[in-house]
Structures are given as structure tokens and as C-alpha cells.
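Engineer: You'll find run_12.cif just under this line, and it carries mmCIF, C-alpha atoms and all ligand atoms.
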data_entry
#
loop_
_atom_site.label_atom_id
_atom_site.label_comp_id
_atom_site.auth_asym_id
_atom_site.auth_seq_id
_atom_site.Cartn_x
_atom_site.Cartn_y
_atom_site.Cartn_z
CA MET Y 1 51.65 60.50 11.97
CA LEU Y 2 54.11 63.38 11.52
CA HIS Y 3 54.54 65.67 14.51
CA THR Y 4 54.18 69.36 13.65
CA PRO Y 5 56.64 71.33 15.79
CA VAL Y 6 54.95 73.95 17.96
CA MET Y 7 55.99 77.65 17.87
CA LEU Y 8 58.91 76.88 15.59
CA GLU Y 9 59.55 80.50 14.55
CA TYR Y 10 59.40 81.84 18.11
CA VAL Y 11 61.79 79.16 19.34
CA THR Y 12 64.23 79.84 16.49
CA ASN Y 13 64.16 83.59 17.13
CA ILE Y 14 64.71 83.11 20.85
CA LEU Y 15 67.59 80.64 20.52
CA ALA Y 16 69.11 82.69 17.65
CA PRO Y 17 71.23 79.90 16.12
CA THR Y 18 74.50 80.65 14.30
CA PRO Y 19 77.14 78.19 13.03
CA SER Y 20 79.43 78.68 16.04
CA LYS Y 21 76.73 77.92 18.62
CA THR Y 22 75.77 74.68 20.34
CA PHE Y 23 72.22 73.78 21.37
CA ALA Y 24 70.47 71.01 23.23
CA ASP Y 25 67.00 69.76 22.36
CA LEU Y 26 65.92 67.76 25.41
CA THR Y 27 62.68 66.58 23.76
CA PHE Y 28 63.64 65.41 20.26
CA GLY Y 29 60.32 63.73 19.35
CA PHE Y 30 60.23 63.66 15.55
CA GLY Y 31 63.01 66.25 15.48
CA GLY Y 32 61.07 69.26 14.16
CA HIS Y 33 62.88 71.80 16.31
CA SER Y 34 66.28 70.11 16.02
CA LYS Y 35 66.05 70.02 12.22
CA LYS Y 36 65.19 73.73 12.07
CA LEU Y 37 68.15 74.66 14.29
CA LEU Y 38 70.50 72.51 12.20
CA GLU Y 39 69.54 74.54 9.10
CA TYR Y 40 71.59 77.39 10.62
CA GLY Y 41 74.77 75.32 10.70
CA CYS Y 42 74.93 75.07 14.51
CA THR Y 43 75.56 71.95 16.60
CA VAL Y 44 72.61 70.16 18.20
CA GLN Y 45 72.73 67.52 20.94
CA ALA Y 46 69.32 65.88 21.21
CA PHE Y 47 67.69 63.63 23.80
CA ASP Y 48 64.42 61.78 24.24
CA ARG Y 49 63.22 59.00 26.53
CA ASP Y 50 61.11 57.33 23.85
CA PRO Y 51 62.93 54.47 22.04
CA ASN Y 52 60.66 55.07 19.02
CA THR Y 53 62.45 58.39 18.37
CA LYS Y 54 65.78 56.62 17.76
CA ALA Y 55 65.16 55.80 14.09
CA GLU Y 56 64.55 59.42 13.09
CA ALA Y 57 67.50 60.56 15.19
CA ALA Y 58 69.75 57.97 13.52
CA LYS Y 59 68.70 59.23 10.06
CA LEU Y 60 69.53 62.77 11.08
CA SER Y 61 72.93 61.93 12.55
CA ASN Y 62 73.84 60.06 9.34
CA LEU Y 63 72.95 63.15 7.31
CA ASN Y 64 74.49 65.78 9.56
CA SER Y 65 77.67 65.44 11.63
CA ASN Y 66 76.61 68.43 13.76
CA PHE Y 67 73.83 66.32 15.26
CA SER Y 68 74.00 63.73 18.03
CA PHE Y 69 71.35 61.86 20.01
CA VAL Y 70 71.17 60.04 23.35
CA LEU Y 71 68.16 58.05 24.54
CA SER Y 72 67.68 59.42 28.05
CA LYS Y 73 65.22 60.84 30.52
CA PHE Y 74 65.82 64.39 31.75
CA SER Y 75 66.77 63.05 35.17
CA THR Y 76 69.71 61.05 33.74
CA ILE Y 77 70.89 63.54 31.13
CA TYR Y 78 73.55 65.41 33.13
CA ASP Y 79 76.63 63.40 32.15
CA HIS Y 80 75.67 63.32 28.45
CA LEU Y 81 74.93 67.01 28.06
CA SER Y 82 77.78 69.39 27.13
CA VAL Y 83 77.81 73.04 28.12
CA CYS Y 84 75.85 74.94 25.48
CA ASP Y 85 74.41 78.26 24.24
CA GLY Y 86 70.75 77.34 24.28
CA ILE Y 87 68.39 74.61 25.44
CA LEU Y 88 64.87 73.75 24.32
CA ILE Y 89 62.39 71.70 26.36
CA ASP Y 90 59.13 71.05 24.46
CA LEU Y 91 57.09 69.11 27.01
CA GLY Y 92 54.15 66.75 26.76
CA VAL Y 93 53.38 63.86 24.45
CA SER Y 94 54.15 63.88 20.75
CA SER Y 95 51.58 63.22 18.03
CA MET Y 96 53.40 59.97 17.30
CA GLN Y 97 52.84 58.80 20.86
CA LEU Y 98 49.20 59.91 20.91
CA ASP Y 99 48.30 58.60 17.47
CA GLN Y 100 49.66 55.08 17.89
CA PRO Y 101 46.97 53.06 19.72
CA GLU Y 102 49.55 50.47 20.82
CA ARG Y 103 51.23 53.11 23.02
CA GLY Y 104 48.06 53.28 25.12
CA PHE Y 105 47.85 57.09 25.44
CA SER Y 106 44.60 57.58 23.57
CA PHE Y 107 41.08 57.37 24.98
CA SER Y 108 39.61 57.40 21.49
CA LYS Y 109 41.67 54.56 19.97
CA ASN Y 110 41.72 51.20 21.69
CA GLY Y 111 45.09 49.93 22.87
CA PRO Y 112 46.85 48.34 25.82
CA LEU Y 113 46.61 50.41 29.01
CA SER Y 114 50.22 51.57 28.97
CA MET Y 115 50.86 55.36 28.59
CA THR Y 116 54.62 54.87 28.98
CA MET Y 117 56.85 57.30 27.06
CA GLY Y 118 59.90 55.07 27.57
CA LEU Y 119 62.40 54.11 30.30
CA ASN Y 120 59.49 53.71 32.76
CA SER Y 121 59.17 51.63 35.90
CA LEU Y 122 55.36 51.82 35.99
CA SER Y 123 52.44 51.66 33.55
CA ALA Y 124 48.85 52.91 33.64
CA ARG Y 125 47.72 49.30 33.98
CA ASP Y 126 49.67 48.95 37.26
CA ILE Y 127 48.01 52.03 38.76
CA VAL Y 128 44.49 51.22 37.65
CA ASN Y 129 44.63 47.57 38.75
CA SER Y 130 46.64 47.71 41.96
CA TRP Y 131 46.34 51.09 43.66
CA LYS Y 132 43.92 51.70 46.53
CA GLU Y 133 40.68 53.45 45.61
CA ASN Y 134 41.60 56.59 47.60
CA ASP Y 135 45.02 56.86 46.00
CA ILE Y 136 43.51 56.63 42.50
CA ALA Y 137 40.98 59.31 43.41
CA ASP Y 138 43.71 61.64 44.75
CA LEU Y 139 45.81 61.10 41.63
CA LEU Y 140 42.90 62.01 39.31
CA TYR Y 141 42.04 65.04 41.40
CA PHE Y 142 45.50 66.51 41.91
CA TYR Y 143 47.03 65.84 38.49
CA GLY Y 144 43.90 66.06 36.37
CA ASP Y 145 41.72 68.46 38.34
CA GLU Y 146 39.01 65.82 37.88
CA ARG Y 147 35.97 66.73 40.00
CA ALA Y 148 34.43 63.26 39.63
CA SER Y 149 37.62 61.60 40.89
CA ARG Y 150 35.97 59.73 43.82
CA LEU Y 151 33.24 58.19 41.70
CA ILE Y 152 35.63 57.27 38.90
CA ALA Y 153 37.98 55.58 41.38
CA LYS Y 154 35.06 53.69 42.93
CA ASN Y 155 33.92 52.43 39.54
CA ILE Y 156 37.46 51.45 38.57
CA VAL Y 157 37.74 49.29 41.70
CA LYS Y 158 34.27 47.79 41.14
CA GLU Y 159 35.17 46.87 37.56
CA ARG Y 160 38.59 45.43 38.36
CA ASN Y 161 37.06 43.17 41.01
CA ASN Y 162 35.38 41.37 38.09
CA LYS Y 163 38.37 41.40 35.77
CA GLN Y 164 41.62 43.31 35.21
CA ILE Y 165 41.27 46.55 33.25
CA THR Y 166 43.73 46.14 30.41
CA THR Y 167 42.72 48.47 27.57
CA THR Y 168 42.31 52.21 27.05
CA THR Y 169 38.73 51.76 25.86
CA GLU Y 170 37.76 49.90 29.04
CA LEU Y 171 39.19 52.71 31.17
CA ALA Y 172 37.64 55.44 29.00
CA ASN Y 173 34.21 53.75 29.29
CA ILE Y 174 34.44 53.49 33.09
CA VAL Y 175 35.36 57.19 33.32
CA SER Y 176 32.63 58.20 30.85
CA LYS Y 177 29.89 56.48 32.79
CA SER Y 178 31.09 58.03 36.09
CA LYS Y 179 30.60 61.70 35.24
CA LYS Y 180 28.50 64.30 33.50
CA HIS Y 181 29.63 65.00 29.97
CA ASN Y 182 30.93 68.34 28.83
CA LYS Y 183 30.53 68.94 25.10
CA LYS Y 184 33.92 70.64 24.75
CA ILE Y 185 36.21 67.79 25.80
CA HIS Y 186 36.07 64.00 25.95
CA PRO Y 187 35.03 62.92 29.49
CA ALA Y 188 38.21 60.86 29.92
CA THR Y 189 40.61 63.70 29.01
CA GLN Y 190 41.54 64.71 32.56
CA SER Y 191 41.80 61.17 33.93
CA PHE Y 192 44.06 60.04 31.09
CA GLN Y 193 46.22 63.13 31.49
CA ALA Y 194 46.54 62.60 35.24
CA ILE Y 195 47.54 58.95 34.93
CA ARG Y 196 49.97 59.70 32.10
CA MET Y 197 51.67 62.42 34.14
CA TYR Y 198 52.15 60.07 37.07
CA VAL Y 199 53.27 57.09 34.97
CA ASN Y 200 55.99 59.22 33.40
CA ASP Y 201 56.84 61.10 36.61
CA GLU Y 202 56.45 64.24 34.51
CA LEU Y 203 56.57 66.88 37.24
CA ASN Y 204 59.78 65.56 38.84
CA GLU Y 205 61.27 65.16 35.39
CA ILE Y 206 60.59 68.82 34.56
CA VAL Y 207 62.23 70.02 37.77
CA ASN Y 208 65.24 67.84 36.96
CA ALA Y 209 65.36 69.18 33.40
CA MET Y 210 65.31 72.81 34.52
CA ASN Y 211 68.01 72.30 37.15
CA ILE Y 212 70.31 70.42 34.81
CA ALA Y 213 69.70 72.90 31.99
CA THR Y 214 70.67 75.79 34.27
CA ARG Y 215 73.94 74.10 35.22
CA LYS Y 216 74.81 73.31 31.60
CA LEU Y 217 74.01 76.68 30.03
CA LYS Y 218 76.78 79.18 29.38
CA GLN Y 219 76.43 82.61 30.93
CA GLY Y 220 74.12 84.51 28.56
CA GLY Y 221 72.74 81.18 27.29
CA ARG Y 222 69.03 80.85 26.59
CA LEU Y 223 66.50 78.38 27.93
CA ALA Y 224 63.12 78.02 26.18
CA ILE Y 225 60.37 75.82 27.65
CA ILE Y 226 57.02 74.94 26.06
CA THR Y 227 54.30 73.50 28.32
CA PHE Y 228 50.77 72.22 27.66
CA HIS Y 229 49.45 71.94 31.19
CA SER Y 230 48.81 74.56 33.87
CA ILE Y 231 50.72 72.75 36.65
CA GLU Y 232 53.75 72.47 34.36
CA ASP Y 233 53.51 76.13 33.40
CA LYS Y 234 53.35 77.15 37.06
CA LEU Y 235 56.52 75.16 37.79
CA VAL Y 236 58.30 76.83 34.87
CA LYS Y 237 57.10 80.30 35.86
CA VAL Y 238 58.30 79.93 39.48
CA PHE Y 239 61.56 78.41 38.32
CA PHE Y 240 62.38 81.33 36.01
CA LYS Y 241 61.53 83.80 38.76
CA ASN Y 242 63.90 82.22 41.29
CA SER Y 243 66.74 80.67 39.35
CA GLY Y 244 69.06 83.36 38.03
CA PHE Y 245 67.53 84.16 34.64
CA ILE Y 246 66.73 87.49 33.03
CA LEU Y 247 63.24 87.45 31.54
CA LYS Y 248 62.67 89.78 28.62
CA LYS Y 249 58.96 89.07 28.91
CA PRO Y 250 57.41 87.82 32.19
CA GLN Y 251 54.21 86.65 30.45
CA PRO Y 252 54.12 83.41 28.46
CA ILE Y 253 54.01 83.50 24.66
CA PHE Y 254 51.05 81.79 22.94
CA ALA Y 255 50.83 80.37 19.44
CA SER Y 256 49.43 82.74 16.82
CA HIS Y 257 45.84 82.32 15.54
CA GLN Y 258 47.25 81.13 12.21
CA GLU Y 259 49.30 78.43 13.93
CA VAL Y 260 46.35 77.27 16.05
CA GLU Y 261 44.23 77.03 12.89
CA LYS Y 262 46.81 74.78 11.26
CA ASN Y 263 47.80 72.79 14.36
CA ILE Y 264 45.12 72.51 17.05
CA ARG Y 265 47.66 71.07 19.50
CA SER Y 266 49.36 74.48 19.70
CA ARG Y 267 46.18 75.96 21.25
CA SER Y 268 47.23 75.07 24.79
CA ALA Y 269 50.96 75.67 24.36
CA LYS Y 270 52.74 78.28 26.51
CA LEU Y 271 56.31 79.29 25.83
CA ARG Y 272 58.51 80.89 28.50
CA TRP Y 273 62.19 81.69 28.12
CA GLY Y 274 65.06 83.35 29.93
CA ILE Y 275 68.71 84.34 29.62
CA LYS Y 276 71.12 82.87 32.17
CA ILE Y 277 72.83 85.54 34.25
C1 LIG D 1 56.04 67.39 22.28
S1 LIG D 1 57.14 66.14 21.92
C2 LIG D 1 58.52 66.98 21.21
C3 LIG D 1 58.35 67.23 19.77
C4 LIG D 1 59.59 67.80 19.10
N1 LIG D 1 59.93 69.10 19.59
C5 LIG D 1 59.37 67.83 17.60
O1 LIG D 1 59.34 68.94 17.02
O2 LIG D 1 59.21 66.80 16.97
C6 LIG D 1 57.77 65.76 23.49
C7 LIG D 1 58.84 64.68 23.50
O3 LIG D 1 59.49 64.77 24.76
C8 LIG D 1 59.79 63.48 25.20
N2 LIG D 1 59.87 63.55 26.66
C9 LIG D 1 58.87 63.84 27.51
N3 LIG D 1 59.31 63.76 28.77
C10 LIG D 1 60.62 63.44 28.71
C11 LIG D 1 61.63 63.19 29.69
N4 LIG D 1 61.36 63.26 30.99
N5 LIG D 1 62.86 62.88 29.28
C12 LIG D 1 63.14 62.81 27.95
N6 LIG D 1 62.22 63.00 26.97
C13 LIG D 1 60.99 63.31 27.35
C14 LIG D 1 58.64 62.64 24.71
O4 LIG D 1 59.02 61.28 24.62
C15 LIG D 1 58.31 63.27 23.37
O5 LIG D 1 58.96 62.60 22.33
#
Take the structure in the file and write it out as C-alpha cells.
Structural biologist:
Amino acid sequence: MLHTPVMLEYVTNILAPTPSKTFADLTFGFGGHSKKLLEYGCTVQAFDRDPNTKAEAAKLSNLNSNFSFVLSKFSTIYDHLSVCDGILIDLGVSSMQLDQPERGFSFSKNGPLSMTMGLNSLSARDIVNSWKENDIADLLYFYGDERASRLIAKNIVKERNNKQITTTTELANIVSKSKKHNKKIHPATQSFQAIRMYVNDELNEIVNAMNIATRKLKQGGRLAIITFHSIEDKLVKVFFKNSGFILKKPQPIFASHQEVEKNIRSRSAKLRWGIKI
């Protein structure tokens, strides 16, 4: 269930921690990146919206007085975040969230239809059981690039007219029977991703995170952002172009072959970073 931090060496080299510096890790997860930064004697303020990350964060703050943690979404972080030398945002779901069936993120393990990271006002079950057919189809198409969105939405509505759709397996089966299968990925991948992104308001949250990070970075401070989805990466790319950062490298950085071999999740990771002017 451990989460292997992605691009750990790159992130460490970019943020260049020293004992006198202060960093913020806006996506604590299991703390892989925070723990690495702390090894250099710097100060780390960490945040996450998932209440399940609190136990690991509490262990770390008991061990190291340079570490602090606040349970918060990006959009409500401003007042808790002190001005700092570097900020990391490692987006997406953690392995802990994906691997625990009771969180309802996984199409391959049965669980309640939830997909909430924490501090949510909406769950996947609400969308699937109460939205209009057209709205579900648009959601699957725009956030998941799902070509079979209309048919999937139609079948969701047909199914829920018999009984509420309450589990991940029920939803995955409806999606699977609505489209042609591609051997490379599970047929429900895009639909689950789309619903998860909406449930957690992920795109608005990223924009909030980048704006707040810019205001809280010192001049010359560094912002590193890891994304796993093309829409997210586009937002980050445009943001860096227009928001007063120097980019040493305009192209994103990808995980090395060795890292991808060890941690398949790093295959779709893209890292972009900039220095605040
Ligand atoms: C990929 S994991 C981070 C893993 C972490 N870097 C590590 O090494 O263990 C992403 C984390 O970001 C959190 N997260 C995602 N969106 C968030 C948001 N809007 N506000 C706060 N935390 C968020 C998730 O709950 C998850 O724990």
C-alpha cells in the first residue's frame, strides 16, 4: 500500500533544499517527497485534503520539528501557507487512494461508488444516479475524452431506472458493455478518471494551487508541478508561460526508463518547473 514518490531525484535537484530554506508540499500523500526534503535539514509545511494522510503526517511531525501539516484543499490553503523558497504540487490520486477499494476509485476492485479524496461536497454516486443523461455524457467526453460517452450515459440511466448504481463494479460493468475494448487499457479507465476529476473539482483546484503558490513564493523561489493527465499538463504549461516565471526548460521532464520499470505509475508523469521572477 506504500506510495512510491514519483521523480524524487528531479524534484530534489530542482528545489535544491538547504537547512535555511522553507518548502511547501501541497500534496503530502504518504509523504515521500516531504521526507526526502526533510533529510536536508530544511523546513517543510505540508498539506493534503485526504483525512487518511493525517496519521503519517502526525508521525512525521512528532519525529521532526521542522515539519508541519494542515488538512486542506488547495483552494483553502492561502491563510495557512507561509512565504517560502519552493513549492511542490504532485497531482493526481495516490496509490493509497487507488488501492483501497473502500475509497471507490478503482474499477478493478469493488467498493462504494465514492471517488472522494476528502473535503468533498459531491460523490461519484451523486453524479451517476442524479445527473441528466446529457450532462453525464458531456462530463465523460470532456474530462475523459471518452468517445463512447453517449452510449455509456444512456446505459447508466437505463440501469439506474431499475436500481441505484452504488458500487464501482456496477459502474465498470455498465461502461464495459457500452464500448469496444482496447487491449491496452481497461474500458472504464477514462470514465472513472472523468468522474473522479469532477467529483474532486480537480481543474479548479489546480488553478487555485498555482495562483496561491505564486503569491506565496519568494522572488527566486521555485515551483515544481507533476501532472498525470493531458488537460492538467496544458493548464500548467499555459500558467508557467503567462505568470511571471523563468523556465530553464520549456519542455516537460519525464521519468527515466529505470524509474518507469520500477514504478509503472511514473510512466504518465510530466514535471514542469519555474523560478519566480
Ligand atoms: C500523487 S499523491 C502525492 C504523493 C506524495 N507526493 C508522496 O510522495 O507520497 C497526490 C495527493 O494529493 C492530494 N490532493 C489532490 N488534490 C488535492 C487538493 N485539491 N488539495 C489538497 N490535496 C490534494 C491527494 O489527496 C493525494 O494524497
Engineer: Quote the spacing between CA of Leu217 in chain Y and CA of Ile277 in chain Y in Å to one decimal place.
Structural biologist: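 CA of Leu217 in chain Y sits 9.9 Å away from CA of Ile277 in chain Y.
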Engineer: If you count all atoms listed in the file, which residues end up within 9 Å of ligand LIG 1 (chain D), as an MDAnalysis selection string?
Structural biologist: chainID Y and resid 2:6 8 25:35 47:53 71:77 88:97 116:119 200:206 208:209 226:228
Engineer: Name the closest residue to Asp145 in chain Y among the candidates Y:Val175, Y:Val157, Y:Ala194, Y:Lys132; distances are taken between atoms, counting all atoms listed in the file.
Structural biologist: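 When distances to Asp145 in chain Y are compared using all atoms listed in the file, the smallest one comes from Y:Ala194.
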Engineer: Could you build a table of the residues in range 149-251 of chain Y lying no more than 8 Å from range 266-273 of chain Y, giving for each the nearest pair of atoms and their separation in Å rounded to one decimal place, using all atoms listed in the file, ordered by chain and ascending residue number, as a Markdown table?
Structural biologist:
| residue | atom | partner | partner_atom | distance |
| --- | --- | --- | --- | --- |
| Y:Arg222 | CA | Y:Trp273 | CA | 7.1 |
| Y:Leu223 | CA | Y:Trp273 | CA | 5.4 |
| Y:Ala224 | CA | Y:Trp273 | CA | 4.3 |
| Y:Ile225 | CA | Y:Arg272 | CA | 5.5 |
| Y:Ile226 | CA | Y:Leu271 | CA | 4.4 |
| Y:Thr227 | CA | Y:Lys270 | CA | 5.3 |
| Y:Phe228 | CA | Y:Ala269 | CA | 4.8 |
| Y:His229 | CA | Y:Ser268 | CA | 7.5 |
| Y:Asp233 | CA | Y:Lys270 | CA | 7.3 |
| Y:Val236 | CA | Y:Arg272 | CA | 7.6 |
| Y:Lys237 | CA | Y:Arg272 | CA | 7.5 |
| Y:Phe240 | CA | Y:Trp273 | CA | 7.9 |
| Y:Leu247 | CA | Y:Trp273 | CA | 6.8 |
| Y:Pro250 | CA | Y:Arg272 | CA | 7.9 |
| Y:Gln251 | CA | Y:Arg272 | CA | 7.4 |
Engineer: Would you mind reading off the distance between CA of Leu139 in chain Y and CA of Ile195 in chain Y, one decimal, in Å?
Structural biologist: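 One can read the CA of Leu139 in chain Y to CA of Ile195 in chain Y distance as 7.2 Å.
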Engineer: Edge lengths and centre, in Å to one decimal, as AutoDock Vina command-line options: that's what I need for the box along x, y and z that holds all listed atoms of range 71-83 of chain Y plus 5 Å on each side.
Structural biologist:
--center_x 71.5 --center_y 65.5 --center_z 29.9 --size_x 22.6 --size_y 25.0 --size_z 20.6
Engineer: Just checking: using only C-alpha atoms, which residue out of Y:Ser191, Y:Glu259, Y:Ala57, Y:Tyr143 ends up closest to Ile231 in chain Y?
Structural biologist: Y:Tyr143
Engineer: Compile the contact shell of Gln45 in chain Y as a list in words: residues with an atom at most 10 Å away, counting all atoms listed in the file, same-chain residues fewer than 2 positions apart removed.
Structural biologist: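 The contact residues come out as Thr22, Phe23, Ala24, Asp25, Leu26, Phe28, Ser34, Thr43, Phe47, Asn66, Phe67, Ser68, Phe69, Val70, His80, Leu81, Ser82, Cys84 and Ile87 of chain Y.
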Engineer: Mind giving me the straight-line distance from CA of Leu113 in chain Y to CA of Thr168 in chain Y in Å, one decimal?
Structural biologist: 5.1 Å
Engineer: I want to know what sits within 9 Å of Asn155 in chain Y, based on only C-alpha atoms, with residues of the same chain fewer than 6 positions away left out; could you give that as a count of residues only?
Structural biologist: 4
Engineer: Would you kindly place N, CA, C and O atoms on range 98-115 of chain Y and return the model as a tab-separated table (two decimals), in the coordinates of the input?
Structural biologist:
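Saved the output as part09.tsv:
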chain	number	residue	atom	x	y	z
Y	98	LEU	N	50.67	59.87	20.78
Y	98	LEU	CA	49.20	59.91	20.91
Y	98	LEU	C	48.49	59.12	19.83
Y	98	LEU	O	47.48	58.47	20.08
Y	99	ASP	N	49.02	59.19	18.61
Y	99	ASP	CA	48.30	58.60	17.47
Y	99	ASP	C	48.48	57.09	17.33
Y	99	ASP	O	47.78	56.46	16.56
Y	100	GLN	N	49.45	56.52	18.03
Y	100	GLN	CA	49.66	55.08	17.89
Y	100	GLN	C	48.92	54.36	19.01
Y	100	GLN	O	49.34	54.42	20.17
Y	101	PRO	N	47.80	53.67	18.67
Y	101	PRO	CA	46.97	53.06	19.72
Y	101	PRO	C	47.77	52.10	20.60
Y	101	PRO	O	47.50	52.00	21.80
Y	102	GLU	N	48.79	51.46	20.03
Y	102	GLU	CA	49.55	50.47	20.82
Y	102	GLU	C	50.36	51.10	21.95
Y	102	GLU	O	50.83	50.41	22.85
Y	103	ARG	N	50.51	52.46	21.92
Y	103	ARG	CA	51.23	53.11	23.02
Y	103	ARG	C	50.31	53.32	24.23
Y	103	ARG	O	50.77	53.65	25.32
Y	104	GLY	N	49.00	53.21	24.00
Y	104	GLY	CA	48.06	53.28	25.12
Y	104	GLY	C	47.88	54.65	25.72
Y	104	GLY	O	47.57	54.78	26.91
Y	105	PHE	N	48.07	55.73	24.93
Y	105	PHE	CA	47.85	57.09	25.44
Y	105	PHE	C	46.45	57.61	25.11
Y	105	PHE	O	46.01	58.59	25.68
Y	106	SER	N	45.79	56.97	24.16
Y	106	SER	CA	44.60	57.58	23.57
Y	106	SER	C	43.30	56.99	24.13
Y	106	SER	O	43.15	55.77	24.18
Y	107	PHE	N	42.37	57.88	24.52
Y	107	PHE	CA	41.08	57.37	24.98
Y	107	PHE	C	40.15	57.10	23.81
Y	107	PHE	O	39.14	56.45	23.94
Y	108	SER	N	40.52	57.59	22.62
Y	108	SER	CA	39.61	57.40	21.49
Y	108	SER	C	40.03	56.25	20.56
Y	108	SER	O	39.29	55.89	19.66
Y	109	LYS	N	41.24	55.73	20.78
Y	109	LYS	CA	41.67	54.56	19.97
Y	109	LYS	C	42.04	53.45	20.94
Y	109	LYS	O	42.83	53.68	21.87
Y	110	ASN	N	41.48	52.27	20.71
Y	110	ASN	CA	41.72	51.20	21.69
Y	110	ASN	C	43.15	50.67	21.61
Y	110	ASN	O	43.71	50.49	20.53
Y	111	GLY	N	43.74	50.47	22.79
Y	111	GLY	CA	45.09	49.93	22.87
Y	111	GLY	C	45.35	49.42	24.26
Y	111	GLY	O	44.51	49.58	25.15
Y	112	PRO	N	46.52	48.82	24.48
Y	112	PRO	CA	46.85	48.34	25.82
Y	112	PRO	C	46.97	49.53	26.79
Y	112	PRO	O	47.41	50.61	26.39
Y	113	LEU	N	46.60	49.31	28.04
Y	113	LEU	CA	46.61	50.41	29.01
Y	113	LEU	C	48.05	50.65	29.49
Y	113	LEU	O	48.45	50.15	30.54
Y	114	SER	N	48.80	51.42	28.69
Y	114	SER	CA	50.22	51.57	28.97
Y	114	SER	C	50.58	53.01	29.37
Y	114	SER	O	50.89	53.30	30.51
Y	115	MET	N	50.53	53.94	28.40
Y	115	MET	CA	50.86	55.36	28.59
Y	115	MET	C	52.31	55.60	28.97
Y	115	MET	O	52.65	56.63	29.54
